[in-house]
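A.B. asks: Quick one: structure below, then a few questions.
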Amino acid sequence: MWQGHDNILADVRAELRNLILGSVNSAREEGVLNISAIPEFPLQKPDQHLHGDLATSLALMLAKEAKMAPRQIAEIIANGIDTGDLIEKIEIAGPGFINFFLTNGWLCDLLHTIQEKGEQFGKTDRKSVE
């Protein structure tokens with residue numbers, strides 16, 4: 001999936017962000033979601049593991065402009081995402097949070113990268129500041 005990349009977690013977040021953006025853009029083009037632009041949105045690790053691996057509150061952010069309930073927007077976004085090899089499942093929680101449960105494939109890629117890099121894994125080129 002992401003073998004050979006130094007920062008697999010950043011790649012996973014970027015891929016998930018692109019899937020979300022694609023879903024929102026499709027909904028806009030179909031006239032299902034009436035918004036002028038997609039704002040920068042958080043994609044973060046939930047406080048509780050039961051809420052998935054990553055979550056976003058984008059639906060809550062879009063609700064006012066779209067003049068729709070955040071939960072309805074979350075359903076539109078979730079239904080427009082192809083889970084592919086990255087996402088095991090998507091859940092909508094509370095007023096409209098979208099929780100993503102990832103497959104273990106990216107973890108296997110991370111372990112492969114750690115094994116390949118050996119002692120060099122995690123090192124940076126930055127010089128330490130004293």
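Quick note on naming: the chains in the structure tokens go A, B, ... in the order shown, residues restart at 1 in each chain, and ligands are numbered from 1 in order of appearance.
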How close does each residue of range 8-87 of chain A get to range 110-125 of chain A, giving the shortest atom pair and distance in Å to one decimal for every residue with an atom at most 12 Å away, counting only C-alpha atoms, sorted by chain and residue number, as JSON lines?
C.D. replies:
{"residue": "A:Ile8", "atom": "CA", "partner": "A:Leu110", "partner_atom": "CA", "distance": 6.3}
{"residue": "A:Leu9", "atom": "CA", "partner": "A:Leu110", "partner_atom": "CA", "distance": 8.2}
{"residue": "A:Ala10", "atom": "CA", "partner": "A:Leu110", "partner_atom": "CA", "distance": 11.3}
{"residue": "A:Asp11", "atom": "CA", "partner": "A:Leu110", "partner_atom": "CA", "distance": 10.8}
{"residue": "A:Val12", "atom": "CA", "partner": "A:Leu110", "partner_atom": "CA", "distance": 10.7}
A.B. asks: Take the selection from the previous step and output its residues with all heavy atoms, as a PDB file, in the first residue's frame.
C.D. replies:
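So the final result, stored in part_15.pdb, reads:
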ATOM      1  N   ILE A   8       4.375   6.842   6.970  1.00  0.00           N
ATOM      2  CA  ILE A   8       3.176   6.134   6.542  1.00  0.00           C
ATOM      3  C   ILE A   8       1.922   6.730   7.181  1.00  0.00           C
ATOM      4  O   ILE A   8       0.886   6.854   6.529  1.00  0.00           O
ATOM      5  CB  ILE A   8       3.302   4.628   6.833  1.00  0.00           C
ATOM      6  CG1 ILE A   8       4.390   4.056   5.924  1.00  0.00           C
ATOM      7  CG2 ILE A   8       1.989   3.908   6.623  1.00  0.00           C
ATOM      8  CD1 ILE A   8       4.768   2.648   6.215  1.00  0.00           C
ATOM      9  N   LEU A   9       1.992   7.121   8.445  1.00  0.00           N
ATOM     10  CA  LEU A   9       0.816   7.695   9.102  1.00  0.00           C
ATOM     11  C   LEU A   9       0.371   8.978   8.392  1.00  0.00           C
ATOM     12  O   LEU A   9      -0.823   9.201   8.192  1.00  0.00           O
ATOM     13  CB  LEU A   9       1.078   7.968  10.584  1.00  0.00           C
ATOM     14  CG  LEU A   9      -0.119   8.459  11.381  1.00  0.00           C
ATOM     15  CD1 LEU A   9      -1.304   7.511  11.257  1.00  0.00           C
ATOM     16  CD2 LEU A   9       0.245   8.634  12.837  1.00  0.00           C
ATOM     17  N   ALA A  10       1.321   9.800   7.991  1.00  0.00           N
ATOM     18  CA  ALA A  10       0.972  11.021   7.241  1.00  0.00           C
ATOM     19  C   ALA A  10       0.342  10.643   5.903  1.00  0.00           C
ATOM     20  O   ALA A  10      -0.610  11.302   5.457  1.00  0.00           O
ATOM     21  CB  ALA A  10       2.206  11.890   7.028  1.00  0.00           C
ATOM     22  N   ASP A  11       0.830   9.584   5.268  1.00  0.00           N
ATOM     23  CA  ASP A  11       0.257   9.122   4.004  1.00  0.00           C
ATOM     24  C   ASP A  11      -1.173   8.631   4.206  1.00  0.00           C
ATOM     25  O   ASP A  11      -2.051   8.892   3.383  1.00  0.00           O
ATOM     26  CB  ASP A  11       1.094   7.991   3.405  1.00  0.00           C
ATOM     27  CG  ASP A  11       2.447   8.457   2.893  1.00  0.00           C
ATOM     28  OD1 ASP A  11       2.665   9.678   2.779  1.00  0.00           O
ATOM     29  OD2 ASP A  11       3.293   7.587   2.617  1.00  0.00           O
ATOM     30  N   VAL A  12      -1.416   7.924   5.305  1.00  0.00           N
ATOM     31  CA  VAL A  12      -2.750   7.425   5.615  1.00  0.00           C
ATOM     32  C   VAL A  12      -3.709   8.595   5.819  1.00  0.00           C
ATOM     33  O   VAL A  12      -4.808   8.620   5.261  1.00  0.00           O
ATOM     34  CB  VAL A  12      -2.730   6.509   6.859  1.00  0.00           C
ATOM     35  CG1 VAL A  12      -4.129   6.227   7.368  1.00  0.00           C
ATOM     36  CG2 VAL A  12      -1.997   5.213   6.551  1.00  0.00           C
TER      37      VAL A  12
END
A.B. asks: Could you make a table, as JSON lines, of the residues of range 5-85 of chain A that have an atom within 9 Å of an atom of range 89-94 of chain A, each with its nearest atom pair and distance in Å to one decimal, counting only C-alpha atoms, in chain and number order?
C.D. replies:
{"residue": "A:His51", "atom": "CA", "partner": "A:Ala93", "partner_atom": "CA", "distance": 8.0}
{"residue": "A:Gly52", "atom": "CA", "partner": "A:Glu91", "partner_atom": "CA", "distance": 8.3}
{"residue": "A:Arg71", "atom": "CA", "partner": "A:Ile92", "partner_atom": "CA", "distance": 7.3}
{"residue": "A:Ala74", "atom": "CA", "partner": "A:Ile92", "partner_atom": "CA", "distance": 6.7}
{"residue": "A:Glu75", "atom": "CA", "partner": "A:Ile92", "partner_atom": "CA", "distance": 7.1}
{"residue": "A:Ala78", "atom": "CA", "partner": "A:Ile90", "partner_atom": "CA", "distance": 6.6}
{"residue": "A:Asn79", "atom": "CA", "partner": "A:Ile90", "partner_atom": "CA", "distance": 8.9}
{"residue": "A:Thr83", "atom": "CA", "partner": "A:Lys89", "partner_atom": "CA", "distance": 7.2}
A.B. asks: Here is a test: counting only C-alpha atoms, which residue of A:Leu102, A:Leu21, A:Ile77, A:Leu43 is nearest to Ala59 in chain A?
C.D. replies: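 Looking only at the distances to Ala59 in chain A, the closest residue turns out to be A:Ile77.
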A.B. asks: Write out as a PyMOL selection string the residues lying within 12 Å of Gly22 in chain A, counting only C-alpha atoms and excluding same-chain residues fewer than 2 positions away.
C.D. replies: chain A and resi 15-20+24-29+38+76-82
A.B. asks: Name all residues at most 10 Å from Ala69 in chain A (count only C-alpha atoms; drop same-chain ones fewer than 3 positions away) and give them as a list in words.
C.D. replies: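 The contact residues come out as Ala59, Leu60, Leu62, Ala63, Lys64, Ala66, Gln72, Ile73, Ala74, Pro95 and Gly96 of chain A.
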A.B. asks: Selected residues, N, CA, C and O atoms, written as a JSON list (two decimals), in the first residue's frame, please.
C.D. replies:
[["chain", "number", "residue", "atom", "x", "y", "z"],
["A", 59, "ALA", "N", -18.72, 17.57, 9.00],
["A", 59, "ALA", "CA", -20.18, 17.72, 8.81],
["A", 59, "ALA", "C", -20.74, 18.82, 9.71],
["A", 59, "ALA", "O", -21.61, 19.58, 9.29],
["A", 60, "LEU", "N", -20.24, 18.91, 10.92],
["A", 60, "LEU", "CA", -20.68, 19.96, 11.84],
["A", 60, "LEU", "C", -20.28, 21.34, 11.30],
["A", 60, "LEU", "O", -21.02, 22.31, 11.44],
["A", 62, "LEU", "N", -19.97, 22.19, 8.18],
["A", 62, "LEU", "CA", -20.68, 22.53, 6.95],
["A", 62, "LEU", "C", -22.17, 22.78, 7.16],
["A", 62, "LEU", "O", -22.85, 23.32, 6.28],
["A", 63, "ALA", "N", -22.70, 22.40, 8.30],
["A", 63, "ALA", "CA", -24.15, 22.40, 8.54],
["A", 63, "ALA", "C", -24.82, 23.76, 8.32],
["A", 63, "ALA", "O", -25.87, 23.84, 7.67],
["A", 64, "LYS", "N", -24.24, 24.81, 8.85],
["A", 64, "LYS", "CA", -24.89, 26.12, 8.76],
["A", 64, "LYS", "C", -25.02, 26.57, 7.31],
["A", 64, "LYS", "O", -26.11, 26.96, 6.87],
["A", 66, "ALA", "N", -24.80, 24.77, 4.56],
["A", 66, "ALA", "CA", -25.59, 23.83, 3.78],
["A", 66, "ALA", "C", -27.06, 23.83, 4.17],
["A", 66, "ALA", "O", -27.89, 23.28, 3.45],
["A", 72, "GLN", "N", -27.06, 14.44, 8.83],
["A", 72, "GLN", "CA", -27.44, 14.16, 7.44],
["A", 72, "GLN", "C", -26.24, 14.40, 6.51],
["A", 72, "GLN", "O", -26.00, 13.62, 5.60],
["A", 73, "ILE", "N", -25.49, 15.46, 6.76],
["A", 73, "ILE", "CA", -24.28, 15.74, 5.98],
["A", 73, "ILE", "C", -23.26, 14.63, 6.18],
["A", 73, "ILE", "O", -22.63, 14.16, 5.23],
["A", 74, "ALA", "N", -23.09, 14.19, 7.42],
["A", 74, "ALA", "CA", -22.14, 13.11, 7.72],
["A", 74, "ALA", "C", -22.51, 11.85, 6.95],
["A", 74, "ALA", "O", -21.64, 11.15, 6.42],
["A", 95, "PRO", "N", -23.86, 14.16, 17.08],
["A", 95, "PRO", "CA", -24.56, 15.08, 16.19],
["A", 95, "PRO", "C", -24.08, 15.04, 14.74],
["A", 95, "PRO", "O", -24.71, 15.61, 13.86],
["A", 96, "GLY", "N", -22.94, 14.38, 14.47],
["A", 96, "GLY", "CA", -22.47, 14.33, 13.09],
["A", 96, "GLY", "C", -20.98, 14.10, 12.93],
["A", 96, "GLY", "O", -20.40, 14.41, 11.90]]
A.B. asks: How far is it from CA of Asn104 in chain A to CA of Gly84 in chain A, in Å with one decimal?
C.D. replies: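 Interatomic distance, CA of Asn104 in chain A to CA of Gly84 in chain A: 12.4 Å.
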A.B. asks: How far is it from CA of Ser57 in chain A to CA of Ser36 in chain A, in Å with one decimal?
C.D. replies: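 CA of Ser36 in chain A lies 17.8 Å from CA of Ser57 in chain A.
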A.B. asks: Would you please work out which residue, of A:Asn99, A:Glu40, A:Glu65, A:Ile35, is nearest to Asp53 in chain A when using only C-alpha atoms?
C.D. replies: A:Asn99
A.B. asks: Write out as a list in words the set of residues from range 86-120 of chain A that DSSP, computed on the backbone, places in strand (DSSP E or B).
C.D. replies: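 Residues of range 86-120 of chain A classed as strand (DSSP E or B): Ile87, Glu88, Lys89, Ile90, Glu91, Ile92, Ala93, Phe97, Ile98, Asn99, Phe100, Phe101 and Leu102 of chain A.
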A.B. asks: Create the file for the chosen residues now, containing N, CA, C and O atoms and written as a CSV table (one decimal), in the first residue's frame.
C.D. replies:
chain,number,residue,atom,x,y,z
A,87,ILE,N,-10.1,1.6,4.7
A,87,ILE,CA,-11.1,1.7,5.7
A,87,ILE,C,-11.8,0.4,5.9
A,87,ILE,O,-12.4,-0.1,5.0
A,88,GLU,N,-11.9,0.0,7.2
A,88,GLU,CA,-12.7,-1.2,7.5
A,88,GLU,C,-14.2,-0.8,7.6
A,88,GLU,O,-15.0,-1.5,7.1
A,89,LYS,N,-14.5,0.3,8.3
A,89,LYS,CA,-15.8,0.8,8.4
A,89,LYS,C,-15.9,2.2,8.8
A,89,LYS,O,-14.9,2.8,9.3
A,90,ILE,N,-17.0,2.8,8.5
A,90,ILE,CA,-17.2,4.3,8.9
A,90,ILE,C,-18.5,4.3,9.7
A,90,ILE,O,-19.5,3.7,9.4
A,91,GLU,N,-18.4,5.0,10.8
A,91,GLU,CA,-19.6,5.2,11.7
A,91,GLU,C,-19.8,6.7,11.9
A,91,GLU,O,-18.9,7.5,12.0
A,92,ILE,N,-21.1,7.0,12.1
A,92,ILE,CA,-21.5,8.4,12.4
A,92,ILE,C,-21.9,8.4,13.8
A,92,ILE,O,-22.7,7.6,14.3
A,93,ALA,N,-21.4,9.4,14.6
A,93,ALA,CA,-21.6,9.4,16.0
A,93,ALA,C,-22.1,10.8,16.4
A,93,ALA,O,-21.8,11.8,15.8
A,97,PHE,N,-20.3,13.5,13.9
A,97,PHE,CA,-18.9,13.2,13.8
A,97,PHE,C,-18.8,12.0,12.9
A,97,PHE,O,-19.7,11.1,13.0
A,98,ILE,N,-17.8,11.9,12.1
A,98,ILE,CA,-17.6,10.8,11.2
A,98,ILE,C,-16.3,10.1,11.8
A,98,ILE,O,-15.2,10.6,11.8
A,99,ASN,N,-16.5,8.8,12.2
A,99,ASN,CA,-15.4,8.0,12.7
A,99,ASN,C,-15.0,7.0,11.7
A,99,ASN,O,-15.8,6.2,11.2
A,100,PHE,N,-13.7,6.9,11.5
A,100,PHE,CA,-13.1,5.9,10.6
A,100,PHE,C,-12.3,4.9,11.3
A,100,PHE,O,-11.5,5.2,12.1
A,101,PHE,N,-12.7,3.6,11.0
A,101,PHE,CA,-11.9,2.5,11.5
A,101,PHE,C,-11.1,1.9,10.4
A,101,PHE,O,-11.7,1.5,9.3
A,102,LEU,N,-9.8,2.0,10.5
A,102,LEU,CA,-8.9,1.6,9.4
A,102,LEU,C,-8.6,0.1,9.4
A,102,LEU,O,-8.7,-0.6,10.5
A.B. asks: To test your reading of the structure, identify every residue in chain A that backbone DSSP assigns to alpha helix (DSSP H), and report it as a count of residues only.
C.D. replies: 54
A.B. asks: Would you work out the distance separating CA of Val32 in chain A from CA of Pro46 in chain A, expressed in Å to one decimal?
C.D. replies: 28.0 Å
